[in-house]
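A.B. asks: Following this message is one structure expressed as structure tokens.
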Amino acid sequence: MTQKSVVVFDYGTGNIHSAIKAVELAGAKVELTRDKTKCAEADGLLVPGVGAFAAVMEALNAVDGGEIIERRLAGGRPVMGICVGMQVMFANGLEGGVETPGLGEWDETVHKLDAPVLPHMGWNTVEVGENSQLFKGIENERFYFVHSYGVTEWNLDVIPPFPKPSVTWAEHGQRFIAAVENGPLVATQFHPEKSGEAGIQLLRNWLETL
Amino acid sequence: MSVAVRIIPCLDVADGRVVKGVNFLNLTDQGDPVELAQYYYEQGADEITFLDVKATVENRSTMFEVVARTADAVFIPLTVGGGVRTVEDVAQLLAHGADKVGVNSAAIKRPDLIDEISSRYGAQVLVLSLDITRSSHTDSGFVVTTHGGRELTEIDALDWAREAINRGAGELLVNSIDADGTKDGFDLELISAVREISSVPVIASGGAGSAKDFSATISAGADAALAASIFHSKAVTISEVKESLRKDGFEVR
């Protein structure tokens with residue numbers, strides 16, 4: 001198998017050190033860039049995201065992030081969102097009382113979780129979705145979450161022959177989406193690059209699908 | 001199932017080296033914070049905390065380099081505290097690979113710092129560190145100290161914790177000056193008092209002497225526990241602490 005290439009999308013968000021190293025450790029050749037051609041040509045595009053929904057959307061829009069992601073997905077080319085990088089794939093974010101449009105790949109809204117202690121911070125278990133590729137062999141592991149907002153419903157109906165999305169759930173105060181695998185677009189609310197060996201294995205599983 | 005109790009070893013770092021109390025025969029370089037962080041990562045630590053005990057301007061770039069090397073080798077969250085005074089300090093630490101920053105005296109001097117960090121990077125990056133002792137001069141009976149407990153303020157510790165949460169602190173690191181160094185166990189009275197007023201995660205610190213002590217502080221309301229010398233001296237390992245917690249019915253990784 002030839003080595004897969006992954007671009008970590010560089011749009012000025014948070015800590016990308018570990019994301020780059022973790023994907024390298026999982027076996028890919030990694031480049032941090034926002035160059036449109038490189039983003040389009042890589043086998044996989046990783047979209048990290050830390051901070052507020054609106055700030056992440058603003059940063060993405062400033063470098064045509066939506067268009068880059070949209071074009072890849074239209075061509076069936078894999079994209080993976082992490083944390084707020086997952087949240088912005090949904091239609092809307094309600095953060096700080098403001099509604100911000102997301103990229104709208106999925107219809108649901110990101111809202112504040114109803115839990116006694118927030119942020120939800122730490123290692124939690126997941127209820128792995130049917131036919132998951134990402135969680136193969138690591139179904140019973142814990143992953144590192146740090147977030148106060150989430151998505152608590154999933155309505156997408158898929159018409160055959162397209163495969164049914166695999167949705168993985170977790171719980172903190174209420175059930176929320178921990179990961180989605182929907183054709184070329186996959187995303188995790190937790191941080192695989194901060195989830196130790198289990199996280200590296202998840203990235204390895206993703207690389208195998210590229 | 002729910003989120004697991006976090007066990008966090010803390011390393012004091014100065015001039016790029018770990019200072020005080022580390023004695024591991026199986027490390028080639030016992031003073032290298034990166035190697036120690038990796039050792040704890042392999043032991044099952046849930047996060048790593050570095051405390052920059054010198055935090056001088058000259059020391060700063062050495063610390064950045066240590067943070068970057070650690071983030072490249074250790075795939076769990078890394079918190080860096082000590083000497084964080086401005087949003088720019090936070091920006092630098094995050095850019096070098098820290099996931100969270102600990103803020104202490106600078107926020108006491110200028111509470112707006114909390115709002116500034118939180119609005120730019122989100123509450124989840126900001127761990128407010130509190131060094132607390134008992135006092136008859138405050139309503140709660142607990143007072144905030146500075147300079148590692150050597151200097152008292154007039155600030156009620158619980159009022160300060162409430163204010164910091166409102167301003168955007170994402171987590172509280174509660175260090176008991178009274179329990180620190182005693183090895184008699186965490187300060188359960190303090191931890192439960194902070195738990196009652198806190199809507200954000202609480203990390204208990206100070207006083208750990210045995211594996212059993214960790215269950216007690218989690219029962220008192222802590223979400224996580226941080227310790228230094230008990231791990232560095234190898235009195236107890238992280239896996240022993242987790243085994244003890246598991247036996248007592250707590251969820252651990």
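To be explicit about the labels: the chains of the structure tokens are called A, B, and onward in the order shown, and within each one the residues are counted from 1, while ligands get numbers from 1 in the order they are shown.
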Give me the chain A side of the contact with chain B, cut-off 10 Å, one line per residue showing its nearest atom pair and distance in Å at one decimal, counting only C-alpha atoms, sorted by chain and residue number, as CSV.
C.D. replies:
```
residue,atom,partner,partner_atom,distance
A:Gly12,CA,B:Ala95,CA,9.7
A:Thr13,CA,B:Tyr121,CA,9.2
A:Gly14,CA,B:Leu94,CA,6.5
A:Asn15,CA,B:Gly97,CA,5.5
A:Ile16,CA,B:Gly97,CA,7.1
A:His17,CA,B:Gly97,CA,5.4
A:Ser18,CA,B:Ala71,CA,5.6
A:Ala19,CA,B:Phe75,CA,9.0
A:Ile20,CA,B:Asp72,CA,8.4
A:Lys21,CA,B:Asp72,CA,5.8
A:Ala22,CA,B:Phe75,CA,7.3
A:Leu25,CA,B:Ala73,CA,9.8
A:Val50,CA,B:Tyr121,CA,7.4
A:Gly51,CA,B:Gly122,CA,4.7
A:Ala52,CA,B:Gly122,CA,6.1
A:Phe53,CA,B:Gly122,CA,9.8
A:Ala55,CA,B:Arg120,CA,8.5
A:Ala115,CA,B:Ser199,CA,9.3
A:Pro116,CA,B:Ser199,CA,6.5
A:Val117,CA,B:Ser199,CA,5.0
A:Leu118,CA,B:Val200,CA,5.2
A:Pro119,CA,B:Val200,CA,6.4
A:His120,CA,B:Val3,CA,8.0
A:Met121,CA,B:Pro201,CA,7.4
A:Gly122,CA,B:Val3,CA,6.1
A:Trp123,CA,B:Ala4,CA,5.5
A:Asn124,CA,B:Val3,CA,4.4
A:Thr125,CA,B:Met1,CA,6.8
A:Val126,CA,B:Met1,CA,8.9
A:Glu141,CA,B:Arg253,CA,8.2
A:Arg142,CA,B:Arg253,CA,6.6
A:Phe143,CA,B:Arg253,CA,9.1
A:Tyr144,CA,B:Ile76,CA,8.0
A:Phe145,CA,B:Val3,CA,8.9
A:Val146,CA,B:Gln124,CA,6.8
A:His147,CA,B:Gln124,CA,7.1
A:Ser148,CA,B:Gln124,CA,8.5
A:Ala170,CA,B:Ser2,CA,8.6
A:Glu171,CA,B:Ser2,CA,6.7
A:His172,CA,B:Ser2,CA,6.6
A:Gly173,CA,B:Ser2,CA,9.0
A:His191,CA,B:Ile76,CA,9.3
A:Pro192,CA,B:Phe75,CA,8.6
A:Glu193,CA,B:Phe75,CA,5.9
A:Lys194,CA,B:Ile76,CA,4.2
A:Ser195,CA,B:Ile76,CA,5.8
A:Gly196,CA,B:Phe75,CA,4.9
A:Glu197,CA,B:Phe75,CA,7.7
A:Ala198,CA,B:Phe75,CA,9.9
A:Gly199,CA,B:Phe75,CA,8.3
A:Ile200,CA,B:Phe75,CA,8.5
```
A.B. asks: Residues at most 6 Å from segment 210-215 of chain B, counting only C-alpha atoms, excluding those fewer than 5 positions away in the same chain, as a PyMOL selection string?
C.D. replies: chain B and resi 185+241+245
A.B. asks: Return the single residue from A:Ala54, A:Leu45, A:Val151, A:Leu185 that is closest to Ala74 of chain A, with distances computed using only C-alpha atoms.
C.D. replies: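 Answer, going by the shortest atom-to-atom distance: A:Leu185.
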A.B. asks: Using only C-alpha atoms, determine which residues lie at most 12 Å from Ser105 of chain B, disregarding the query and same-chain residues fewer than 6 positions distant; provide the list as JSON, numbers by chain.
C.D. replies: {"B": [81, 82, 83, 84, 85, 86, 111, 113, 114, 128, 129, 130, 131, 144, 145, 146, 147, 148, 149, 151, 152, 153, 160]}
A.B. asks: Expressed in Å to a single decimal, how great is the separation between atom CA of Val56 of chain A and atom CA of Gly102 of chain A?
C.D. replies: 9.6 Å
A.B. asks: Set the distance at 7 Å and use only C-alpha atoms: which residues neighbour segment 130-132 of chain A once local chain neighbours fewer than 3 positions away are removed? I'd like the list as a PyMOL selection string.
C.D. replies: chain A and resi 135-136+166
A.B. asks: Write out, as a PDB file, in the first residue's frame, the residues just selected, with all heavy atoms.
C.D. replies:
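Result file follows (result-v2.pdb):
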```pdb
ATOM      1  N   PHE A 135     -14.309   2.982  14.159  1.00  0.00           N
ATOM      2  CA  PHE A 135     -14.152   2.421  15.505  1.00  0.00           C
ATOM      3  C   PHE A 135     -13.796   0.938  15.507  1.00  0.00           C
ATOM      4  O   PHE A 135     -13.849   0.299  16.542  1.00  0.00           O
ATOM      5  CB  PHE A 135     -15.426   2.670  16.319  1.00  0.00           C
ATOM      6  CG  PHE A 135     -15.653   4.129  16.640  1.00  0.00           C
ATOM      7  CD1 PHE A 135     -16.427   4.925  15.812  1.00  0.00           C
ATOM      8  CD2 PHE A 135     -15.071   4.706  17.768  1.00  0.00           C
ATOM      9  CE1 PHE A 135     -16.620   6.269  16.095  1.00  0.00           C
ATOM     10  CE2 PHE A 135     -15.272   6.044  18.069  1.00  0.00           C
ATOM     11  CZ  PHE A 135     -16.047   6.833  17.226  1.00  0.00           C
ATOM     12  N   LYS A 136     -13.432   0.404  14.340  1.00  0.00           N
ATOM     13  CA  LYS A 136     -13.086  -1.015  14.255  1.00  0.00           C
ATOM     14  C   LYS A 136     -11.966  -1.369  15.234  1.00  0.00           C
ATOM     15  O   LYS A 136     -10.875  -0.808  15.164  1.00  0.00           O
ATOM     16  CB  LYS A 136     -12.617  -1.352  12.835  1.00  0.00           C
ATOM     17  CG  LYS A 136     -13.645  -2.147  12.064  1.00  0.00           C
ATOM     18  CD  LYS A 136     -13.051  -2.633  10.767  1.00  0.00           C
ATOM     19  CE  LYS A 136     -14.163  -2.949   9.784  1.00  0.00           C
ATOM     20  NZ  LYS A 136     -13.648  -3.059   8.434  1.00  0.00           N
ATOM     21  N   SER A 166     -23.274   6.087   9.564  1.00  0.00           N
ATOM     22  CA  SER A 166     -23.064   5.432  10.848  1.00  0.00           C
ATOM     23  C   SER A 166     -22.876   6.528  11.896  1.00  0.00           C
ATOM     24  O   SER A 166     -21.970   7.348  11.790  1.00  0.00           O
ATOM     25  CB  SER A 166     -21.818   4.542  10.754  1.00  0.00           C
ATOM     26  OG  SER A 166     -21.569   3.928  11.992  1.00  0.00           O
TER      27      SER A 166
END
```
A.B. asks: Can you check which residues of segment 25-134 of chain A DSSP gives as alpha helix (DSSP H) on the backbone and send them as a ChimeraX atom specification?
C.D. replies: /A:25,36-41,53-62,65-74,84-87
A.B. asks: Among segment 186-248 of chain B, which residues does DSSP mark as strand (DSSP E or B) when it is run on the backbone? Keep the chain and numbering as in the structure and answer as number ranges by chain.
C.D. replies: B: 202-205, 224-227
A.B. asks: Which residues, written as a list in words, have at least one atom at most 9 Å from Ser5 of chain A, with only C-alpha atoms counted and residues fewer than 4 positions away on the same chain left out?
C.D. replies: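 The neighbour list is Ala28, Lys29, Val30, Glu31, Glu41, Ala42, Asp43, Gly44, Leu45 and Leu207 of chain A.
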A.B. asks: Please report the interatomic distance between atom CA of Ala107 of chain B and atom CA of Cys83 of chain A in Å with one decimal.
C.D. replies: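 So the two atoms, atom CA of Ala107 of chain B and atom CA of Cys83 of chain A, lie 27.9 Å apart.
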A.B. asks: Using only C-alpha atoms, which of A:Glu127, A:Leu46, A:Pro161, A:Glu99 sits nearest Met80 of chain A?
C.D. replies: A:Leu46
A.B. asks: To one decimal in Å, tell me the separation between atom CA of Glu208 of chain A and atom CA of Gln133 of chain A.
C.D. replies: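 Calculated distance between atom CA of Glu208 of chain A and atom CA of Gln133 of chain A is 8.9 Å.
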